[in-house]
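See structure below.
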Amino acid sequence: MSNEESTTNNGDSYTPPAVWQAEESGGEFANINRPTAGATHDKALPAGKHPFQLHSLATPNGVKVTIMLEELIEKGIVEAEYDAYPINIMEGDQFSSGFIDINPNSKIPALIDNSGIKAGENPVRIFESGAILIHLAEKFDSFLPQGAAKAEVMSWLFWQMGSAPFLGGGFGHFYAYAPEKFEYPINRYAMEVKRQLDVLDKQLANNTYISGEDYTIADMAIWPWYGTLVIGGLYSAAEFLDVKSYKNVMRWAEAIAERPAVKRGKMVNCTWGEPEGQLAERHSQADFNK
């Protein structure tokens with residue numbers, strides 16, 4: 001590219017070239033970003049004995065699913081037992097042939113449902129965290145009501161799926177992970193994140209949980225992103241975003257953080273932070289006692 005077509009470190013404006021070409025962009029996750037799909041290497045996924053095989057990581061999208069599975073087990077649904085294996089995204093595990101087979105989009109989480117094998121059914125793959133939550137909720141008739149209440153839950157679930165890219169890929173990238181800090185994108189995404197927090201705060205002003213008085217998959221989807229943001233565990237941005245001003249979100253976030261299944265779900269496939277908060281692989285409830 002010519003100087004007229006590129007951004008320089010001194011803040012010169014950027015004119016896009018006629019045809020974009022990939023080049024090293026820097027930043028914490030630059031080594032795992034690429035403009036093509038498909039496997040980069042052959043590697044089979046490990047498999048355990050339980051009906052559900054989860055391949056994930058304890059990022060917000062991964063935590064949604066482990067919270068759901070742990071909530072089902074907390075409820076006494078033993079059929080929801082699962083094995084969970086970590087996908088090391090920094091090492092490129094998501095581009096293995098085995099993982100691509102269950103998620104062609106190369107993103108965590110991905111779940112294999114083997115519960116129908118004994119009845120002659122084929123294993124079912126489910127990818128995208130929202131799809132996994134719906135699959136499990138409908139399978140076990142839990143955390144997803146019917147009728148108008150279901151419509152409300154689904155609306156908030158898809159609100160989260162559509163909003164989180166602004167919080168994660170937008171605000172999180174430019175505030176925490178980009179190689180340099182630039183005022184315009186940080187301000188742009190901070191404004192949108194604060195608008196989203198205000199949406200939640202107003203909704204929670206008259207509701208115990210996101211969609212009403214019942215705890216549902218909408219809460220499980222939204223809490224790992226916005227709940228952990230306001231209680232200080234995401235991007236270390238709580239002060240910057242003045243999260244304490246969203247008092248209803250704070251109340252909701254802190255209440256959910258105390259649920260036993262949420263505490264366990266946060267640990268599964270976690271490989272960083274304090275050792276007592278990590279459980280790289282999960283195969284039974286006994287693993288939490290080790």
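Letters for chains follow the order of the structure tokens (A, B, ...), residue numbers begin at 1 for each chain, and ligand numbers begin at 1 in the order shown.
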Quick one: residues within 8 Å of segment 247-254 of chain A, only C-alpha atoms counted, chain neighbours fewer than 2 positions away excluded, as a PDB file with C-alpha atoms, in the first residue's frame?
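Output (part-v4.pdb):
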```
ATOM      1  CA  LEU A 197     -26.253  -1.332  30.082  1.00  0.00           C
ATOM      2  CA  LEU A 200     -30.675  -3.750  30.898  1.00  0.00           C
ATOM      3  CA  ASP A 201     -30.941  -1.405  33.863  1.00  0.00           C
ATOM      4  CA  LYS A 202     -34.354  -0.178  32.796  1.00  0.00           C
ATOM      5  CA  LEU A 204     -34.338  -4.896  35.563  1.00  0.00           C
ATOM      6  CA  ALA A 205     -35.912  -1.958  37.377  1.00  0.00           C
ATOM      7  CA  THR A 208     -36.055  -9.765  39.284  1.00  0.00           C
ATOM      8  CA  TYR A 209     -34.480 -11.415  36.258  1.00  0.00           C
ATOM      9  CA  TRP A 223     -24.674 -12.587  32.720  1.00  0.00           C
ATOM     10  CA  TYR A 226     -22.699  -7.887  31.197  1.00  0.00           C
ATOM     11  CA  GLY A 227     -22.824  -9.372  34.686  1.00  0.00           C
ATOM     12  CA  THR A 228     -19.104 -10.020  34.831  1.00  0.00           C
ATOM     13  CA  VAL A 230     -20.218  -4.748  36.075  1.00  0.00           C
ATOM     14  CA  ILE A 231     -18.737  -6.784  38.925  1.00  0.00           C
ATOM     15  CA  VAL A 243     -20.935   0.548  36.052  1.00  0.00           C
ATOM     16  CA  LYS A 244     -21.999   1.299  39.645  1.00  0.00           C
ATOM     17  CA  SER A 245     -24.476   3.807  38.256  1.00  0.00           C
ATOM     18  CA  ILE A 256     -26.570 -14.534  39.956  1.00  0.00           C
ATOM     19  CA  ALA A 257     -22.880 -14.672  40.875  1.00  0.00           C
ATOM     20  CA  GLU A 258     -23.870 -16.345  44.156  1.00  0.00           C
TER      21      GLU A 258
END
```
- Message: Could you pull out the helix (DSSP H, G or I) residues of segment 68-210 of chain A, going by DSSP on the backbone, and write them as an MDAnalysis selection string?
- Response: chainID A and resid 68:74 78:80 89:91 93:95 97:102 117:119 129:140 148:177 183:204
- Considering only C-alpha atoms, return as a ChimeraX atom specification whatever protein or nucleic-acid residues lie within 12 Å of Ala137 of chain A, sequence-local ones (same chain, fewer than 2 positions apart) excluded. /A:65,68-69,71-72,77,80,130-135,139-146,150,153-154,216-218,220
For the selection you just gave me, I'd like the residues written to a file as a PDB file, in the first residue's frame, keeping N, CA and C atoms.
```pdb
ATOM      1  N   VAL A  65     -22.745 -21.870  28.457  1.00  0.00           N
ATOM      2  CA  VAL A  65     -23.138 -23.272  28.322  1.00  0.00           C
ATOM      3  C   VAL A  65     -22.799 -24.070  29.576  1.00  0.00           C
ATOM      4  N   MET A  68     -25.370 -23.382  32.141  1.00  0.00           N
ATOM      5  CA  MET A  68     -26.604 -24.100  31.846  1.00  0.00           C
ATOM      6  C   MET A  68     -26.507 -25.574  32.248  1.00  0.00           C
ATOM      7  N   LEU A  69     -25.419 -26.226  31.879  1.00  0.00           N
ATOM      8  CA  LEU A  69     -25.261 -27.636  32.226  1.00  0.00           C
ATOM      9  C   LEU A  69     -25.200 -27.833  33.735  1.00  0.00           C
ATOM     10  N   GLU A  71     -26.517 -25.834  35.978  1.00  0.00           N
ATOM     11  CA  GLU A  71     -27.850 -25.539  36.525  1.00  0.00           C
ATOM     12  C   GLU A  71     -28.778 -26.748  36.355  1.00  0.00           C
ATOM     13  N   LEU A  72     -28.678 -27.422  35.233  1.00  0.00           N
ATOM     14  CA  LEU A  72     -29.494 -28.622  35.021  1.00  0.00           C
ATOM     15  C   LEU A  72     -29.142 -29.704  36.033  1.00  0.00           C
ATOM     16  N   ILE A  77     -31.146 -33.127  37.323  1.00  0.00           N
ATOM     17  CA  ILE A  77     -31.293 -33.799  36.025  1.00  0.00           C
ATOM     18  C   ILE A  77     -29.971 -34.497  35.702  1.00  0.00           C
ATOM     19  N   ALA A  80     -28.170 -34.805  32.237  1.00  0.00           N
ATOM     20  CA  ALA A  80     -27.412 -33.692  31.660  1.00  0.00           C
ATOM     21  C   ALA A  80     -25.919 -33.778  31.968  1.00  0.00           C
ATOM     22  N   GLY A 130     -26.064 -19.613  21.823  1.00  0.00           N
ATOM     23  CA  GLY A 130     -27.509 -19.473  21.946  1.00  0.00           C
ATOM     24  C   GLY A 130     -28.244 -20.715  21.497  1.00  0.00           C
ATOM     25  N   ALA A 131     -27.782 -21.329  20.415  1.00  0.00           N
ATOM     26  CA  ALA A 131     -28.404 -22.556  19.918  1.00  0.00           C
ATOM     27  C   ALA A 131     -28.244 -23.694  20.934  1.00  0.00           C
ATOM     28  N   ILE A 132     -27.090 -23.752  21.584  1.00  0.00           N
ATOM     29  CA  ILE A 132     -26.858 -24.790  22.590  1.00  0.00           C
ATOM     30  C   ILE A 132     -27.790 -24.588  23.778  1.00  0.00           C
ATOM     31  N   LEU A 133     -27.951 -23.354  24.229  1.00  0.00           N
ATOM     32  CA  LEU A 133     -28.853 -23.088  25.351  1.00  0.00           C
ATOM     33  C   LEU A 133     -30.284 -23.504  25.014  1.00  0.00           C
ATOM     34  N   ILE A 134     -30.739 -23.177  23.825  1.00  0.00           N
ATOM     35  CA  ILE A 134     -32.103 -23.549  23.424  1.00  0.00           C
ATOM     36  C   ILE A 134     -32.233 -25.068  23.331  1.00  0.00           C
ATOM     37  N   HIS A 135     -31.246 -25.725  22.739  1.00  0.00           N
ATOM     38  CA  HIS A 135     -31.275 -27.188  22.598  1.00  0.00           C
ATOM     39  C   HIS A 135     -31.412 -27.857  23.966  1.00  0.00           C
ATOM     40  N   LYS A 139     -34.700 -29.760  25.473  1.00  0.00           N
ATOM     41  CA  LYS A 139     -34.507 -31.188  25.729  1.00  0.00           C
ATOM     42  C   LYS A 139     -34.932 -31.569  27.150  1.00  0.00           C
ATOM     43  N   PHE A 140     -34.620 -30.669  28.100  1.00  0.00           N
ATOM     44  CA  PHE A 140     -34.896 -30.978  29.502  1.00  0.00           C
ATOM     45  C   PHE A 140     -36.033 -30.146  30.083  1.00  0.00           C
ATOM     46  N   ASP A 141     -36.752 -29.430  29.215  1.00  0.00           N
ATOM     47  CA  ASP A 141     -37.912 -28.642  29.633  1.00  0.00           C
ATOM     48  C   ASP A 141     -37.572 -27.787  30.858  1.00  0.00           C
ATOM     49  N   SER A 142     -36.495 -27.045  30.741  1.00  0.00           N
ATOM     50  CA  SER A 142     -36.008 -26.272  31.881  1.00  0.00           C
ATOM     51  C   SER A 142     -35.505 -24.901  31.437  1.00  0.00           C
ATOM     52  N   PHE A 143     -35.777 -23.898  32.261  1.00  0.00           N
ATOM     53  CA  PHE A 143     -35.253 -22.537  32.085  1.00  0.00           C
ATOM     54  C   PHE A 143     -35.720 -21.877  30.789  1.00  0.00           C
ATOM     55  N   LEU A 144     -36.805 -22.398  30.213  1.00  0.00           N
ATOM     56  CA  LEU A 144     -37.403 -21.780  29.025  1.00  0.00           C
ATOM     57  C   LEU A 144     -38.909 -22.014  29.088  1.00  0.00           C
ATOM     58  N   PRO A 145     -39.686 -20.998  29.491  1.00  0.00           N
ATOM     59  CA  PRO A 145     -41.138 -21.162  29.610  1.00  0.00           C
ATOM     60  C   PRO A 145     -41.793 -21.245  28.235  1.00  0.00           C
ATOM     61  N   GLN A 146     -43.101 -21.384  28.255  1.00  0.00           N
ATOM     62  CA  GLN A 146     -43.864 -21.486  27.014  1.00  0.00           C
ATOM     63  C   GLN A 146     -44.725 -20.232  26.810  1.00  0.00           C
ATOM     64  N   LYS A 150     -42.117 -17.374  26.755  1.00  0.00           N
ATOM     65  CA  LYS A 150     -41.018 -17.891  25.919  1.00  0.00           C
ATOM     66  C   LYS A 150     -40.576 -16.835  24.918  1.00  0.00           C
ATOM     67  N   VAL A 153     -38.286 -14.418  26.638  1.00  0.00           N
ATOM     68  CA  VAL A 153     -36.958 -14.993  26.872  1.00  0.00           C
ATOM     69  C   VAL A 153     -36.156 -15.025  25.579  1.00  0.00           C
ATOM     70  N   MET A 154     -36.790 -15.477  24.503  1.00  0.00           N
ATOM     71  CA  MET A 154     -36.081 -15.588  23.228  1.00  0.00           C
ATOM     72  C   MET A 154     -35.652 -14.214  22.713  1.00  0.00           C
ATOM     73  N   THR A 216     -33.853 -17.703  33.683  1.00  0.00           N
ATOM     74  CA  THR A 216     -33.968 -18.429  32.425  1.00  0.00           C
ATOM     75  C   THR A 216     -32.648 -18.421  31.659  1.00  0.00           C
ATOM     76  N   ILE A 217     -32.679 -19.033  30.478  1.00  0.00           N
ATOM     77  CA  ILE A 217     -31.490 -19.026  29.631  1.00  0.00           C
ATOM     78  C   ILE A 217     -31.120 -17.619  29.171  1.00  0.00           C
ATOM     79  N   ALA A 218     -32.053 -16.674  29.241  1.00  0.00           N
ATOM     80  CA  ALA A 218     -31.709 -15.284  28.913  1.00  0.00           C
ATOM     81  C   ALA A 218     -30.699 -14.745  29.921  1.00  0.00           C
ATOM     82  N   MET A 220     -28.664 -16.602  31.718  1.00  0.00           N
ATOM     83  CA  MET A 220     -27.426 -17.361  31.529  1.00  0.00           C
ATOM     84  C   MET A 220     -26.614 -16.833  30.349  1.00  0.00           C
TER      85      MET A 220
END
```
- Pick out the residues sitting within 10 Å of Ala30 of chain A, and hand them over as a ChimeraX atom specification; count only C-alpha atoms, and ignore anything fewer than 4 positions along from it in its own chain. /A:23-26,34,90,177-179
Selection to disk with C-alpha atoms, as a tab-separated table (two decimals), in the first residue's frame:
```tsv
chain	number	residue	atom	x	y	z
A	23	GLU	CA	-1.61	-8.31	6.86
A	24	GLU	CA	-0.36	-8.51	10.43
A	25	SER	CA	-2.51	-6.24	12.57
A	26	GLY	CA	-0.93	-6.74	15.97
A	34	ARG	CA	-7.36	-15.12	9.43
A	90	MET	CA	-4.26	-19.28	21.36
A	177	TYR	CA	-6.53	-5.83	23.27
A	178	ALA	CA	-5.63	-3.54	20.38
A	179	PRO	CA	-1.89	-2.84	20.01
```
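Each of A:Ala255, A:Leu57, A:Val78, A:Val193 was compared to Leu229 of chain A using only C-alpha atoms, and A:Val193 turns out to be the nearest.
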Hey, what's within 7 Å of Arg282 of chain A if we count only C-alpha atoms and toss same-chain stuff fewer than 4 positions away? As a PDB file with C-alpha atoms, in the first residue's frame, please?
```pdb
ATOM      1  CA  ASP A  83     -17.548 -34.112  29.779  1.00  0.00           C
ATOM      2  CA  ALA A  84     -15.895 -30.773  29.053  1.00  0.00           C
ATOM      3  CA  TYR A  85     -12.596 -30.422  27.224  1.00  0.00           C
ATOM      4  CA  VAL A 268     -15.122 -25.289  33.770  1.00  0.00           C
ATOM      5  CA  ASP A 287     -13.837 -32.783  39.925  1.00  0.00           C
TER       6      ASP A 287
END
```
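Here the strand (DSSP E) residues in segment 116-244 of chain A, by DSSP on the backbone, are A:Val124, A:Arg125, A:Ile126, A:Phe127.
Using only C-alpha atoms, the shortest contact distance between Gly98 of chain A and any of A:Asp219, A:Asp214, A:Asp42, A:Glu281 is found at A:Asp42.
Restricting the calculation to only C-alpha atoms, the smallest distance between His50 of chain A and any of A:Ala261, A:Ile102, A:Ile117, A:Ala221 is found for A:Ile117.
In this structure, atom CA of Ile100 of chain A sits 21.4 Å away from atom CA of Lys49 of chain A.
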- Query: Neighbours of Asn122 of chain A within 12 Å (only C-alpha atoms; same-chain residues fewer than 5 positions away dropped), as a PyMOL selection string?
  - Reply: chain A and resi 112-117
Dump N, CA and C atoms for the selected residues as an mmCIF file, in the first residue's frame?
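Writing done, so here's out-v7.cif:
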```
data_model
loop_
_atom_site.group_PDB
_atom_site.id
_atom_site.type_symbol
_atom_site.label_atom_id
_atom_site.label_comp_id
_atom_site.auth_asym_id
_atom_site.auth_seq_id
_atom_site.Cartn_x
_atom_site.Cartn_y
_atom_site.Cartn_z
ATOM 1 N N ILE A 112 -21.531 -31.841 21.444
ATOM 2 C CA ILE A 112 -22.014 -33.067 20.797
ATOM 3 C C ILE A 112 -23.016 -33.715 21.738
ATOM 4 N N ASP A 113 -24.214 -33.970 21.246
ATOM 5 C CA ASP A 113 -25.271 -34.627 22.018
ATOM 6 C C ASP A 113 -25.367 -36.079 21.559
ATOM 7 N N ASN A 114 -24.902 -36.983 22.408
ATOM 8 C CA ASN A 114 -24.933 -38.420 22.113
ATOM 9 C C ASN A 114 -26.085 -39.129 22.806
ATOM 10 N N SER A 115 -27.019 -38.382 23.355
ATOM 11 C CA SER A 115 -28.057 -38.989 24.193
ATOM 12 C C SER A 115 -29.004 -39.898 23.422
ATOM 13 N N GLY A 116 -29.064 -39.763 22.113
ATOM 14 C CA GLY A 116 -29.991 -40.606 21.348
ATOM 15 C C GLY A 116 -29.352 -41.833 20.727
ATOM 16 N N ILE A 117 -28.075 -42.063 20.980
ATOM 17 C CA ILE A 117 -27.369 -43.170 20.325
ATOM 18 C C ILE A 117 -27.997 -44.517 20.672
#
```
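Take the candidates A:Pro224, A:Gly172, A:Gly265, A:Gly273 and check each one against Gly27 of chain A using only C-alpha atoms; the shortest distance goes to A:Gly172.
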